[in-house]
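Remarks on the structure that follows.
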Amino acid sequence: MPSQSDLIGDHPSAPNQFQRWLLCNDVPVTLDKIHRALSSKIATEDIDLIEWLARQLIKHHHPDYHLDMLKEKYGQLGFPLYAEQNRKLPRADKTKKGNGAEVILIEYICSSLDTELLKAFKLKYNPNVDQAMKGDDSLIVKLFNEEGKDQVKVYFGEAKFRATPSKAVIEEIINSLGKDKKPLSYSFLIAELARDPNTIDFAKRLDKFIIDEIKGNNDLIYTGLLLSNTDTFNKVEEHLSSDNQSFLFISIGIENPENLISKAFEKAEEIILGGQI
């Protein structure tokens, strides 16, 4: 069985925000369980943590064009109306929690891998920002060249937020990332990369790979995340069981997880309206 570090790398090191925020416990691996348990080292109300997460939310929800236009329009008459018309951050409580968990999962995987990665922030494409967007919660690609030949690893993830952890949500994550599951967004990621002259070469290189072949080479890594309260570790240890040997379950158990997500979205709105992007 692979270890947690074999699948996604070590827990991020300083000065990464995840190292400052979360303590890592790589639970001993068994035949049916690979679990990285994270717990908080600082208070949920920490100002720097809230602002960091707020800026990740903005990055994941707003296309670069919108951010550029918001900067350009700031200070002009009618800016609040313009910002509202181009709102990308959800205000529905359930959507904020789900989106927040997705953003944390993607940023955590990227930080752990600490290498050049390709990713599409799907939340930028949501036409109804107050409803959850269908599709893979996270899809991250590592493209590298080894002995003159392109190689690829794909990190496919599912993220959930719950105020209280339960057997049901743990099983939902497990079932979403069963060994027969495959990501639906791989071709979408290639298409988006192909739209940008700066990344079209990456798109062409990725297009040579078929997801079934990637999976067959054990280069499709499954990552599930549950963000919940301080009882999360115990619940996951009690109910986690999977026959997918490429599946890592990441639990984040913190005090007041609802407050963190709520405050981060409030701060993100404040940053945008204050022209601090």
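Here's how to read the names in the structure tokens: chain A, B, ... by the order shown, residue numbers from 1 in each chain, ligand numbers from 1 in the order shown.
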- [ ] Using DSSP on the backbone coordinates, identify all residues within segment 193-228 of chain A classified as strand (DSSP E); present the result as a PyMOL selection string.
- [x] chain A and resi 220-228
Could you please take those selected residues and save C-alpha atoms as an mmCIF file, in the first residue's frame?
data_model
loop_
_atom_site.group_PDB
_atom_site.id
_atom_site.type_symbol
_atom_site.label_atom_id
_atom_site.label_comp_id
_atom_site.auth_asym_id
_atom_site.auth_seq_id
_atom_site.Cartn_x
_atom_site.Cartn_y
_atom_site.Cartn_z
ATOM 1 C CA LEU A 220 -4.671 8.535 -11.236
ATOM 2 C CA ILE A 221 -4.666 9.580 -7.572
ATOM 3 C CA TYR A 222 -7.948 9.898 -5.663
ATOM 4 C CA THR A 223 -8.242 12.490 -2.873
ATOM 5 C CA GLY A 224 -11.286 12.937 -0.653
ATOM 6 C CA LEU A 225 -11.635 15.734 1.879
ATOM 7 C CA LEU A 226 -14.042 16.213 4.771
ATOM 8 C CA LEU A 227 -13.999 19.577 6.561
ATOM 9 C CA SER A 228 -15.894 19.363 9.831
#
Task: Selection: 12 Å around Leu248 of chain A, only C-alpha atoms, excl. self and same-chain fewer than 4 positions, as a ChimeraX atom specification - done: /A:1-9,26-27,29-30,32-37,105,109,155-159,173-174,177-179,220-226,236,240-244
Task: Nearest residue to Ile277 of chain A from the set A:Leu81, A:Ala92, A:Met69, A:Ala14 (distances using only C-alpha atoms) - done: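 Looking only at the distances to Ile277 of chain A, the closest residue turns out to be A:Met69.
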- [ ] One decimal, Å: what's the distance from atom CA of Tyr108 of chain A over to atom CA of Phe18 of chain A, could you say?
- [x]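 So the answer is 7.2 Å.
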Task: Å distance separating atom CA of Ile214 of chain A from atom CA of Asp201 of chain A, one decimal place - done: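 If I compute the distance from atom CA of Ile214 of chain A to atom CA of Asp201 of chain A, I get 19.4 Å.
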Task: Point-to-point distance in Å for atom CA of Ser166 of chain A and atom CA of Lys235 of chain A - done: 6.6 Å
TODO: For Pro80 of chain A, list every protein, DNA or RNA residue within 12 Å, evaluated using only C-alpha atoms, and leave out those in the same chain fewer than 5 positions away; present the list as a PyMOL selection string.
DONE: chain A and resi 70+73-75+85-87+269-270+272-275
Open item on the list: Based on the backbone DSSP call, show me all residues of segment 50-259 of chain A assigned helix (DSSP H, G or I), as a PyMOL selection string.
Closed with: chain A and resi 50-61+64-73+79-85+93-113+122-125+167-176+186-195+200-206+211-216+232-239+257-259
- [ ] Pick out the closest residue to Trp52 of chain A from this set: A:Ile210, A:Asn25, A:Lys263, A:Lys215. Count only C-alpha atoms.
- [x]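 Closest to Trp52 of chain A of all the choices is A:Lys263.
Taking only C-alpha atoms, the non-local environment of Lys96 of chain A within 9 Å (same-chain residues fewer than 6 positions away omitted) comprises Leu89, Pro90, Asp130, Ala132, Ile261, Ser262 and Phe265 of chain A.
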